[in-house]
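Participant: For reference, this is structure_9.txt, and it has compact mmCIF, C-alpha atoms and all ligand atoms.
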# COMPACT_ATOMS: atom_id res chain seq x y z
CA MET A 1 -11.64 23.76 -18.25
CA PRO A 2 -8.35 25.52 -19.02
CA GLU A 3 -6.91 24.32 -15.71
CA LEU A 4 -7.05 20.68 -16.90
CA GLU A 5 -4.45 21.36 -19.59
CA GLN A 6 -2.20 22.93 -17.02
CA ALA A 7 -2.74 20.11 -14.51
CA LEU A 8 -1.85 17.45 -17.09
CA ALA A 9 1.29 19.30 -18.17
CA GLU A 10 2.32 19.79 -14.55
CA VAL A 11 1.84 16.13 -13.65
CA ALA A 12 3.71 14.99 -16.79
CA ALA A 13 6.65 17.30 -16.02
CA GLU A 14 6.79 16.08 -12.44
CA MET A 15 6.75 12.42 -13.51
CA ALA A 16 9.48 13.01 -16.11
CA ALA A 17 11.79 14.19 -13.35
CA ARG A 18 11.32 11.16 -11.10
CA THR A 19 13.91 8.42 -10.89
CA ASP A 20 11.91 5.92 -8.80
CA ARG A 21 10.03 4.48 -11.75
CA GLY A 22 9.34 0.89 -10.60
CA GLU A 23 10.28 -2.27 -12.49
CA VAL A 24 9.24 -3.11 -16.04
CA ALA A 25 7.53 -6.53 -16.26
CA THR A 26 9.90 -9.17 -17.64
CA TYR A 27 7.86 -12.35 -17.21
CA ILE A 28 6.51 -11.64 -20.70
CA PRO A 29 9.93 -11.22 -22.37
CA GLN A 30 8.68 -8.84 -25.07
CA LEU A 31 7.41 -6.37 -22.43
CA GLY A 32 10.85 -6.29 -20.80
CA LYS A 33 12.21 -4.45 -23.86
CA VAL A 34 10.18 -1.28 -23.23
CA ASP A 35 11.98 1.91 -22.13
CA SER A 36 11.03 2.61 -18.49
CA LYS A 37 11.52 6.37 -19.02
CA LYS A 38 8.37 6.63 -21.12
CA PHE A 39 5.43 8.52 -19.67
CA GLY A 40 2.20 9.53 -21.35
CA ILE A 41 -1.15 10.82 -20.16
CA ALA A 42 -4.42 11.67 -21.92
CA ALA A 43 -7.77 13.05 -20.83
CA VAL A 44 -10.84 13.03 -23.07
CA THR A 45 -13.66 15.03 -21.54
CA ASN A 46 -17.35 14.36 -22.05
CA ASP A 47 -17.61 17.73 -23.76
CA GLY A 48 -15.13 16.56 -26.40
CA ARG A 49 -11.80 18.00 -25.38
CA VAL A 50 -8.69 15.83 -25.92
CA ILE A 51 -5.77 16.87 -23.74
CA LEU A 52 -2.42 15.11 -24.01
CA ALA A 53 0.99 15.28 -22.36
CA GLY A 54 4.26 13.34 -22.66
CA ASP A 55 4.31 10.20 -24.83
CA ALA A 56 0.53 10.16 -25.16
CA ASP A 57 0.59 9.13 -28.82
CA GLN A 58 2.96 6.20 -28.47
CA PRO A 59 1.28 2.76 -28.51
CA PHE A 60 2.03 0.34 -25.67
CA SER A 61 0.77 -3.11 -24.74
CA ILE A 62 -2.55 -2.57 -22.96
CA GLN A 63 -2.50 -6.05 -21.36
CA SER A 64 -5.12 -6.34 -18.62
CA VAL A 65 -6.75 -3.01 -19.48
CA SER A 66 -8.27 -4.96 -22.39
CA LYS A 67 -10.32 -6.91 -19.83
CA VAL A 68 -12.68 -3.93 -19.44
CA PHE A 69 -13.58 -4.22 -23.12
CA THR A 70 -13.87 -8.02 -23.20
CA LEU A 71 -16.10 -7.86 -20.11
CA THR A 72 -18.30 -5.28 -21.87
CA LEU A 73 -18.59 -7.53 -24.93
CA ALA A 74 -19.31 -10.67 -22.90
CA LEU A 75 -22.06 -8.89 -20.93
CA GLY A 76 -23.53 -7.82 -24.26
CA LYS A 77 -23.51 -11.44 -25.37
CA VAL A 78 -24.78 -13.35 -22.34
CA GLY A 79 -25.93 -10.62 -19.94
CA ASP A 80 -26.16 -11.43 -16.25
CA ALA A 81 -25.69 -15.15 -16.98
CA LEU A 82 -21.98 -14.30 -16.98
CA TRP A 83 -22.14 -14.08 -13.19
CA HIS A 84 -22.80 -17.81 -12.92
CA ARG A 85 -19.27 -18.40 -14.19
CA VAL A 86 -17.35 -15.40 -12.79
CA GLY A 87 -17.71 -13.63 -9.44
CA ARG A 88 -17.81 -9.92 -8.59
CA GLU A 89 -15.60 -9.77 -5.51
CA PRO A 90 -12.05 -8.49 -5.11
CA SER A 91 -9.65 -11.41 -4.82
CA GLY A 92 -7.14 -9.84 -2.43
CA ASN A 93 -4.58 -11.96 -4.30
CA PRO A 94 -2.13 -11.37 -7.15
CA PHE A 95 -3.59 -11.20 -10.66
CA ASN A 96 -2.29 -14.64 -11.65
CA SER A 97 -3.14 -16.49 -8.43
CA ILE A 98 -4.68 -19.98 -8.56
CA VAL A 99 -5.36 -20.64 -4.86
CA GLN A 100 -9.01 -19.55 -4.54
CA LEU A 101 -10.15 -21.64 -7.50
CA GLU A 102 -9.74 -24.90 -5.58
CA HIS A 103 -12.28 -24.04 -2.88
CA GLU A 104 -14.57 -22.00 -5.11
CA ASN A 105 -15.51 -24.60 -7.75
CA GLY A 106 -13.22 -23.19 -10.41
CA ILE A 107 -15.21 -19.92 -10.45
CA PRO A 108 -12.83 -16.95 -10.49
CA ARG A 109 -13.47 -14.10 -8.06
CA ASN A 110 -13.88 -11.42 -10.74
CA PRO A 111 -13.49 -10.80 -14.49
CA PHE A 112 -10.24 -8.83 -14.14
CA ILE A 113 -7.93 -11.40 -12.56
CA ASN A 114 -6.35 -13.63 -15.19
CA ALA A 115 -8.60 -16.62 -14.41
CA GLY A 116 -11.73 -14.46 -14.75
CA ALA A 117 -10.62 -12.93 -18.03
CA ILE A 118 -9.86 -16.40 -19.44
CA VAL A 119 -13.48 -17.40 -18.68
CA VAL A 120 -14.64 -14.18 -20.38
CA SER A 121 -12.55 -15.16 -23.44
CA ASP A 122 -14.22 -18.57 -23.38
CA VAL A 123 -17.63 -16.83 -23.40
CA LEU A 124 -16.60 -14.74 -26.42
CA LEU A 125 -15.55 -17.90 -28.26
CA ALA A 126 -19.08 -19.33 -28.31
CA GLY A 127 -20.02 -19.97 -31.93
CA HIS A 128 -16.71 -18.61 -33.19
CA GLN A 129 -13.25 -19.68 -34.24
CA PRO A 130 -10.57 -17.99 -32.09
CA ARG A 131 -9.56 -15.70 -34.95
CA GLU A 132 -13.16 -14.48 -35.30
CA ALA A 133 -13.46 -13.79 -31.56
CA ILE A 134 -10.15 -11.93 -31.60
CA GLY A 135 -11.31 -9.91 -34.61
CA GLU A 136 -14.56 -9.04 -32.84
CA ILE A 137 -12.68 -7.74 -29.79
CA LEU A 138 -10.28 -5.67 -31.89
CA ARG A 139 -13.08 -4.18 -34.01
CA PHE A 140 -15.06 -3.30 -30.87
CA ILE A 141 -12.09 -1.42 -29.42
CA GLN A 142 -11.46 0.33 -32.77
CA PHE A 143 -15.13 1.33 -32.82
CA LEU A 144 -15.03 2.65 -29.24
CA ALA A 145 -11.88 4.66 -29.90
CA ASP A 146 -13.10 5.68 -33.37
CA ASP A 147 -9.69 4.61 -34.68
CA GLU A 148 -9.08 1.77 -37.15
CA THR A 149 -5.30 1.97 -36.83
CA ILE A 150 -5.30 0.07 -33.51
CA ILE A 151 -3.60 -3.32 -33.91
CA ILE A 152 -2.63 -6.47 -32.06
CA ASP A 153 1.12 -6.83 -31.47
CA ARG A 154 1.67 -10.41 -32.65
CA GLU A 155 5.15 -10.56 -31.12
CA VAL A 156 3.76 -9.78 -27.67
CA ALA A 157 1.03 -12.41 -28.12
CA ALA A 158 3.60 -15.02 -29.17
CA SER A 159 5.93 -14.04 -26.34
CA GLU A 160 3.12 -14.44 -23.83
CA ARG A 161 2.02 -17.80 -25.22
CA ALA A 162 5.60 -19.10 -25.11
CA THR A 163 5.94 -18.26 -21.41
CA GLY A 164 2.31 -18.46 -20.26
CA TYR A 165 2.67 -21.47 -17.96
CA ARG A 166 0.59 -19.91 -15.20
CA ASN A 167 -2.24 -19.02 -17.52
CA PHE A 168 -2.19 -22.55 -18.98
CA ALA A 169 -2.38 -23.85 -15.41
CA LEU A 170 -5.36 -21.59 -14.59
CA ALA A 171 -7.20 -22.55 -17.78
CA ASN A 172 -6.60 -26.28 -17.33
CA TYR A 173 -7.67 -26.09 -13.71
CA MET A 174 -10.91 -24.28 -14.55
CA LYS A 175 -11.56 -26.74 -17.39
CA SER A 176 -11.36 -29.57 -14.84
CA PHE A 177 -14.25 -27.92 -12.95
CA GLY A 178 -16.25 -27.56 -16.16
CA ASN A 179 -15.96 -23.75 -16.16
CA LEU A 180 -14.42 -23.55 -19.64
CA HIS A 181 -16.63 -24.69 -22.51
CA HIS A 182 -13.83 -24.81 -25.07
CA GLU A 183 -10.37 -26.33 -25.02
CA PRO A 184 -8.03 -24.29 -22.78
CA GLU A 185 -5.72 -23.74 -25.75
CA LEU A 186 -8.49 -21.96 -27.67
CA ALA A 187 -9.67 -19.72 -24.81
CA LEU A 188 -6.03 -18.81 -24.14
CA GLY A 189 -5.49 -17.98 -27.81
CA VAL A 190 -8.22 -15.33 -27.52
CA TYR A 191 -6.91 -14.15 -24.14
CA PHE A 192 -3.26 -13.76 -25.20
CA HIS A 193 -4.25 -11.81 -28.30
CA HIS A 194 -6.55 -9.32 -26.56
CA CYS A 195 -3.88 -8.69 -23.93
CA ALA A 196 -1.45 -7.95 -26.79
CA ILE A 197 -3.53 -5.11 -28.26
CA ALA A 198 -1.35 -2.01 -28.57
CA MET A 199 -2.84 1.45 -27.96
CA SER A 200 -1.67 4.92 -27.12
CA CYS A 201 -2.98 6.89 -24.14
CA ARG A 202 -5.04 8.97 -26.56
CA GLN A 203 -6.64 5.87 -28.10
CA LEU A 204 -7.28 4.26 -24.72
CA ALA A 205 -8.89 7.37 -23.24
CA MET A 206 -11.06 7.64 -26.37
CA ALA A 207 -12.12 3.99 -26.01
CA GLY A 208 -13.14 4.60 -22.37
CA ARG A 209 -15.45 7.52 -23.17
CA PHE A 210 -18.67 5.50 -22.97
CA LEU A 211 -17.92 4.58 -19.36
CA ALA A 212 -17.48 8.21 -18.34
CA ASN A 213 -20.72 9.18 -20.06
CA GLY A 214 -23.40 6.82 -18.75
CA GLY A 215 -22.79 4.16 -21.42
CA ARG A 216 -23.04 6.53 -24.41
CA ASN A 217 -20.37 7.76 -26.78
CA PRO A 218 -20.37 11.48 -25.95
CA ALA A 219 -19.38 12.47 -29.49
CA THR A 220 -22.21 10.68 -31.30
CA GLY A 221 -24.72 10.17 -28.48
CA HIS A 222 -24.97 6.50 -29.50
CA SER A 223 -25.53 4.03 -26.71
CA VAL A 224 -22.80 1.39 -26.22
CA VAL A 225 -24.24 -0.09 -23.01
CA SER A 226 -27.06 0.94 -20.67
CA ALA A 227 -26.31 3.51 -17.96
CA GLU A 228 -26.78 0.78 -15.37
CA ARG A 229 -24.21 -1.47 -17.04
CA ALA A 230 -21.71 1.40 -17.32
CA ARG A 231 -22.12 2.01 -13.58
CA ARG A 232 -21.59 -1.66 -12.81
CA ILE A 233 -18.48 -1.94 -14.95
CA GLY A 234 -17.17 1.15 -13.13
CA ALA A 235 -17.93 -0.49 -9.77
CA LEU A 236 -15.93 -3.56 -10.77
CA MET A 237 -13.04 -1.39 -11.95
CA LEU A 238 -13.01 0.41 -8.61
CA THR A 239 -13.15 -2.75 -6.48
CA CYS A 240 -11.12 -5.18 -8.63
CA GLY A 241 -9.27 -3.19 -11.32
CA HIS A 242 -5.93 -3.12 -9.53
CA TYR A 243 -5.96 -6.66 -8.07
CA ASP A 244 -4.66 -6.72 -4.50
CA GLY A 245 -3.82 -3.03 -4.93
CA SER A 246 -7.46 -2.08 -5.62
CA GLY A 247 -8.14 -0.79 -2.12
CA ASP A 248 -5.02 1.34 -2.19
CA PHE A 249 -5.90 2.80 -5.62
CA ALA A 250 -9.44 3.64 -4.43
CA PHE A 251 -8.00 5.18 -1.26
CA ARG A 252 -5.41 7.28 -3.06
CA VAL A 253 -7.10 8.13 -6.37
CA GLY A 254 -10.80 7.59 -5.69
CA ILE A 255 -11.98 6.79 -9.22
CA PRO A 256 -12.62 3.52 -11.12
CA GLY A 257 -9.41 2.35 -12.81
CA LYS A 258 -8.05 -0.65 -14.65
CA SER A 259 -4.35 -1.38 -14.87
CA GLY A 260 -2.21 -3.60 -17.10
CA VAL A 261 1.32 -4.99 -16.72
CA GLY A 262 2.35 -2.98 -19.78
CA GLY A 263 2.15 0.02 -17.43
CA GLY A 264 -1.14 1.45 -18.66
CA ILE A 265 -4.12 2.52 -16.57
CA LEU A 266 -7.58 3.51 -17.79
CA GLY A 267 -9.30 5.83 -15.32
CA ILE A 268 -12.94 6.91 -15.41
CA VAL A 269 -14.29 10.10 -13.88
CA PRO A 270 -18.05 9.51 -14.16
CA GLY A 271 -19.82 12.37 -15.86
CA VAL A 272 -16.58 14.19 -16.58
CA ALA A 273 -13.75 12.43 -18.45
CA SER A 274 -11.98 9.27 -19.52
CA LEU A 275 -8.27 9.17 -18.64
CA ALA A 276 -5.34 7.03 -19.73
CA VAL A 277 -1.84 7.05 -18.35
CA TRP A 278 1.24 5.00 -19.26
CA SER A 279 4.49 4.48 -17.42
CA PRO A 280 6.00 0.98 -17.89
CA GLY A 281 7.62 0.57 -14.45
CA LEU A 282 5.39 -1.32 -12.01
CA ASN A 283 4.89 -1.28 -8.25
CA GLU A 284 4.84 -4.38 -6.03
CA ASN A 285 1.25 -5.23 -7.06
CA GLY A 286 2.04 -5.20 -10.78
CA ASN A 287 0.37 -1.83 -11.38
CA SER A 288 2.05 1.18 -13.00
CA LYS A 289 3.98 2.97 -10.28
CA LEU A 290 4.15 6.46 -11.74
CA GLY A 291 0.83 5.98 -13.51
CA SER A 292 -0.92 5.54 -10.15
CA ILE A 293 0.94 8.49 -8.64
CA ALA A 294 0.09 10.67 -11.65
CA LEU A 295 -3.62 9.83 -11.39
CA GLU A 296 -3.54 10.45 -7.65
CA LYS A 297 -2.08 13.93 -8.20
CA LEU A 298 -4.40 14.76 -11.08
CA ALA A 299 -7.52 13.57 -9.21
CA ARG A 300 -6.55 15.68 -6.22
CA MET A 301 -5.82 18.79 -8.33
CA MET A 302 -9.12 18.45 -10.19
CA ASN A 303 -11.17 17.28 -7.18
CA TRP A 304 -12.21 14.19 -9.11
CA SER A 305 -12.60 11.59 -6.37
CA ILE A 306 -16.06 10.03 -6.55
CA PHE A 307 -16.26 10.11 -2.75
O1 LIG B 401 -1.86 -12.85 -18.41
C1 LIG B 401 -1.03 -12.02 -18.07
O2 LIG B 401 -0.25 -12.22 -17.15
C2 LIG B 401 -0.98 -10.71 -18.83
N1 LIG B 401 -1.38 -10.89 -20.19
C3 LIG B 401 -1.89 -9.69 -18.25
C4 LIG B 401 -1.66 -9.42 -16.80
C5 LIG B 401 -1.87 -8.02 -16.40
O3 LIG B 401 -1.85 -7.10 -17.18
C6 LIG B 401 -1.99 -7.79 -14.95
N2 LIG B 401 -2.00 -6.36 -14.71
N3 LIG B 401 -1.60 -5.66 -13.93
As C-alpha cells, please, write out the structure in this file.
Facilitator:
Amino acid sequence: MPELEQALAEVAAEMAARTDRGEVATYIPQLGKVDSKKFGIAAVTNDGRVILAGDADQPFSIQSVSKVFTLTLALGKVGDALWHRVGREPSGNPFNSIVQLEHENGIPRNPFINAGAIVVSDVLLAGHQPREAIGEILRFIQFLADDETIIIDREVAASERATGYRNFALANYMKSFGNLHHEPELALGVYFHHCAIAMSCRQLAMAGRFLANGGRNPATGHSVVSAERARRIGALMLTCGHYDGSGDFAFRVGIPGKSGVGGGILGIVPGVASLAVWSPGLNENGNSKLGSIALEKLARMMNWSIF
C-alpha cells in the first residue's frame, strides 16, 4: 500500500497550511494550554504497517476517546447486562447534556456521552477501589497498544475534577435514579482519570487495532473481544462517537470514529486499518475540526467509507 504513505503525508501537509483550526477547549483549564498548531496522524494497518505524519509521536489528552476502551472493559465484565443501565441510541445532544436523563429514568442514551461513560466507570468500580479500577483501565490500554510508557496526566485529571461541575451534576442526578451503585465521587474519580490518559497518535492507532481486525490483535492473533462485539463497538462509534455531530461524521467520513475534546479521533476501517488523528482545535460540536477534515480527505483518497 505505498499510496497510503503518500496520502497521509499529503493530508498532513495540507492541514499544516490551514489557518481555520477551530477553538481549543478551555473548560478544562489544563487543555487550554495546548498549542493549536499541532497536527498528527497515524495509520496502523492490519498487515502490520505503521505510517505516521506530523506530530504523531507527541502525547495528548485522549479524553472521550478513552470511552471506547472503558466500554470494551465493561462489556467484558458484565456483558449485555450493561444495556440495562446504558442505552445504544444517539443522543442528538451535546456530550455533557443532562436533559434526557429526567424523562428516561436516569439511563443515559449511550456509553459515549459523559453520563453514559460515568455509568461505565461505575460498572468498572464493582469490587474495586477507584485506584484499582483506574489501574485496570490504564493496563488494558497499555496492553492493547503494546506500550507500557502510556501514562495518566495527573494535572489534567486534577484540572477536570476542579472544574467538573457538570459531570458532578450528571453523576448526582443518575445516583438519585439508582443508576450509580457507588458514590458519585468515586465513579467520577475513575472517569476523570481515564479521560486524562495521554497518548500519541501512534499509540492510539495501535490500541485500536483489535477493532479493525474482528476483535483480534493482528500482530499476535490473540482475541481481545469476539468479532461480534468488535462489530457492535464499531456500530456505536459510528452512531454515537461524535455526539450530535455523529451523523455529519458518518456522512462525511463514513467510518466508525470516536472523538475527544483534547482534539483526538480514533477511526476504524474494518478489515483494513486503525487510524488516529490529533488537532486540538474543535468545531462547534466539540470534535476536532481539522482531525475530522483530515479523516474525510484520507477516507476519500483511500476509498475507505464502509458504505
Ligand atoms: O467530561 C468531560 O467533559 C471530558 N473529560 C470529556 C469530554 C469529551 O472528550 C467530549 N468529546 N468530544
Participant: Please, what distance in Å, to one decimal, runs between atom CA of Arg88 of chain A and atom CA of Ala117 of chain A?
Facilitator: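 According to the coordinates, atom CA of Arg88 of chain A and atom CA of Ala117 of chain A are separated by 12.2 Å.
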Participant: Find the residues around Ser121 of chain A up to 7 Å (all atoms listed in the file counted), leave out those fewer than 3 positions away in its own chain, and share them as an mmCIF file with C-alpha atoms, keeping the file's coordinate frame.
Facilitator:
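Output (out-v8.cif):
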data_model
loop_
_atom_site.group_PDB
_atom_site.id
_atom_site.type_symbol
_atom_site.label_atom_id
_atom_site.label_comp_id
_atom_site.auth_asym_id
_atom_site.auth_seq_id
_atom_site.Cartn_x
_atom_site.Cartn_y
_atom_site.Cartn_z
ATOM 1 C CA ALA A 117 -10.620 -12.930 -18.030
ATOM 2 C CA ILE A 118 -9.860 -16.400 -19.440
ATOM 3 C CA LEU A 124 -16.600 -14.740 -26.420
ATOM 4 C CA LEU A 125 -15.550 -17.900 -28.260
ATOM 5 C CA ALA A 187 -9.670 -19.720 -24.810
ATOM 6 C CA VAL A 190 -8.220 -15.330 -27.520
ATOM 7 C CA TYR A 191 -6.910 -14.150 -24.140
#
Participant: For Cys240 of chain A, which residue among A:Tyr165, A:Phe143, A:Phe112, A:Tyr173 is the nearest when counting only C-alpha atoms?
Facilitator: A:Phe112
Participant: Using all atoms listed in the file, tabulate the residues of chain A lying at most 6 Å from any atom of ligand LIG 401 (chain B), each with its closest atom pair and that distance in Å to one decimal, by chain and increasing residue number, as JSON lines.
Facilitator:
{"residue": "A:Gln63", "atom": "CA", "partner": "B:LIG401", "partner_atom": "O3", "distance": 4.4}
{"residue": "A:Ser64", "atom": "CA", "partner": "B:LIG401", "partner_atom": "O3", "distance": 3.7}
{"residue": "A:Phe95", "atom": "CA", "partner": "B:LIG401", "partner_atom": "C6", "distance": 5.7}
{"residue": "A:Asn114", "atom": "CA", "partner": "B:LIG401", "partner_atom": "O1", "distance": 5.6}
{"residue": "A:Cys195", "atom": "CA", "partner": "B:LIG401", "partner_atom": "N1", "distance": 5.0}
{"residue": "A:Ser259", "atom": "CA", "partner": "B:LIG401", "partner_atom": "N3", "distance": 5.2}
{"residue": "A:Gly260", "atom": "CA", "partner": "B:LIG401", "partner_atom": "O3", "distance": 3.5}
{"residue": "A:Val261", "atom": "CA", "partner": "B:LIG401", "partner_atom": "O3", "distance": 3.8}
{"residue": "A:Gly286", "atom": "CA", "partner": "B:LIG401", "partner_atom": "N3", "distance": 4.8}
{"residue": "A:Asn287", "atom": "CA", "partner": "B:LIG401", "partner_atom": "N3", "distance": 5.0}
Participant: Have a look at atom CA of Met199 of chain A and atom CA of Ala133 of chain A and let me know their distance in Å, one decimal.
Facilitator: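 Atom CA of Ala133 of chain A lies at a distance of 18.9 Å from atom CA of Met199 of chain A.
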Participant: A:Asp57, A:Arg300, A:Gly116, A:Ser36: which is nearest Gly22 of chain A, counting only C-alpha atoms?
Facilitator: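 Residue with the minimum atom-to-atom distance to Gly22 of chain A: A:Ser36.
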Participant: List the residues sitting within 9 Å of (0.7, 8.2, -15.8) in the file's frame, using all atoms listed in the file, as a PyMOL selection string.
Facilitator: chain A and resi 11-12+15+39-42+263-265+276-279+288-295
Participant: At what distance in Å, to one decimal, does atom CA of Asp147 of chain A lie from atom CA of Gly214 of chain A?
Facilitator: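 Interatomic distance here is 21.1 Å.
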Participant: Between A:Leu8, A:Val78, A:Ala169, A:Ala13, single out the one closest to Ile51 of chain A, counting only C-alpha atoms.
Facilitator: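 Answer, going by the shortest atom-to-atom distance: A:Leu8.
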Participant: What lies within 9 Å of Ile141 of chain A using all atoms listed in the file, ignoring chain neighbours under 3 positions off, as a VMD selection string?
Facilitator: chain A and resid 66 69 136 to 138 144 to 148 150 204 207
Participant: Edge lengths and centre in Å to one decimal, as AutoDock Vina command-line options, of the axis-aligned box that encloses all listed atoms of segment 107-110 of chain A with 8 Å added on every side?
Facilitator:
--center_x -14.0 --center_y -15.7 --center_z -9.4 --size_x 18.4 --size_y 24.5 --size_z 18.7
Participant: Which of these residues is nearest to Gly221 of chain A, using only C-alpha atoms: A:Glu104, A:Glu155, A:Ser97, A:Arg209?
Facilitator: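 Distance minimum relative to Gly221 of chain A lands on A:Arg209.
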Participant: Do a neighbour search on Ala235 of chain A at 8 Å with all atoms listed in the file, toss out local chain neighbours closer than 4 positions, and write the hits as a list in words.
Facilitator: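 The residues that qualify are Arg231, Thr239 and Pro256 of chain A.
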Participant: Could you list, as a list in words, every residue within 6 Å of Ile62 of chain A, counting only C-alpha atoms and ignoring same-chain residues fewer than 3 positions away?
Facilitator: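 Counting only C-alpha atoms, the residues come to Val65, Ile197, Ala198, Gly260 and Gly262 of chain A.
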Participant: Nearest to Gly271 of chain A among A:Pro59, A:Gly164, A:Gly241, A:Gly215, with distances taken over only C-alpha atoms: which residue is it?
Facilitator: A:Gly215
Participant: Around the point (-6.7, -25.5, -19.2) (coordinates from the file), which residues reach within 12 Å if we count all atoms listed in the file? Answer as a PDB file with C-alpha atoms, in the frame of the given file.
Facilitator:
ATOM      1  CA  GLY A 106     -13.220 -23.190 -10.410  1.00  0.00           C
ATOM      2  CA  ALA A 115      -8.600 -16.620 -14.410  1.00  0.00           C
ATOM      3  CA  ILE A 118      -9.860 -16.400 -19.440  1.00  0.00           C
ATOM      4  CA  VAL A 119     -13.480 -17.400 -18.680  1.00  0.00           C
ATOM      5  CA  ASP A 122     -14.220 -18.570 -23.380  1.00  0.00           C
ATOM      6  CA  GLY A 164       2.310 -18.460 -20.260  1.00  0.00           C
ATOM      7  CA  TYR A 165       2.670 -21.470 -17.960  1.00  0.00           C
ATOM      8  CA  ARG A 166       0.590 -19.910 -15.200  1.00  0.00           C
ATOM      9  CA  ASN A 167      -2.240 -19.020 -17.520  1.00  0.00           C
ATOM     10  CA  PHE A 168      -2.190 -22.550 -18.980  1.00  0.00           C
ATOM     11  CA  ALA A 169      -2.380 -23.850 -15.410  1.00  0.00           C
ATOM     12  CA  LEU A 170      -5.360 -21.590 -14.590  1.00  0.00           C
ATOM     13  CA  ALA A 171      -7.200 -22.550 -17.780  1.00  0.00           C
ATOM     14  CA  ASN A 172      -6.600 -26.280 -17.330  1.00  0.00           C
ATOM     15  CA  TYR A 173      -7.670 -26.090 -13.710  1.00  0.00           C
ATOM     16  CA  MET A 174     -10.910 -24.280 -14.550  1.00  0.00           C
ATOM     17  CA  LYS A 175     -11.560 -26.740 -17.390  1.00  0.00           C
ATOM     18  CA  SER A 176     -11.360 -29.570 -14.840  1.00  0.00           C
ATOM     19  CA  PHE A 177     -14.250 -27.920 -12.950  1.00  0.00           C
ATOM     20  CA  GLY A 178     -16.250 -27.560 -16.160  1.00  0.00           C
ATOM     21  CA  ASN A 179     -15.960 -23.750 -16.160  1.00  0.00           C
ATOM     22  CA  LEU A 180     -14.420 -23.550 -19.640  1.00  0.00           C
ATOM     23  CA  HIS A 181     -16.630 -24.690 -22.510  1.00  0.00           C
ATOM     24  CA  HIS A 182     -13.830 -24.810 -25.070  1.00  0.00           C
ATOM     25  CA  GLU A 183     -10.370 -26.330 -25.020  1.00  0.00           C
ATOM     26  CA  PRO A 184      -8.030 -24.290 -22.780  1.00  0.00           C
ATOM     27  CA  GLU A 185      -5.720 -23.740 -25.750  1.00  0.00           C
ATOM     28  CA  LEU A 186      -8.490 -21.960 -27.670  1.00  0.00           C
ATOM     29  CA  ALA A 187      -9.670 -19.720 -24.810  1.00  0.00           C
ATOM     30  CA  LEU A 188      -6.030 -18.810 -24.140  1.00  0.00           C
ATOM     31  CA  GLY A 189      -5.490 -17.980 -27.810  1.00  0.00           C
TER      32      GLY A 189
END
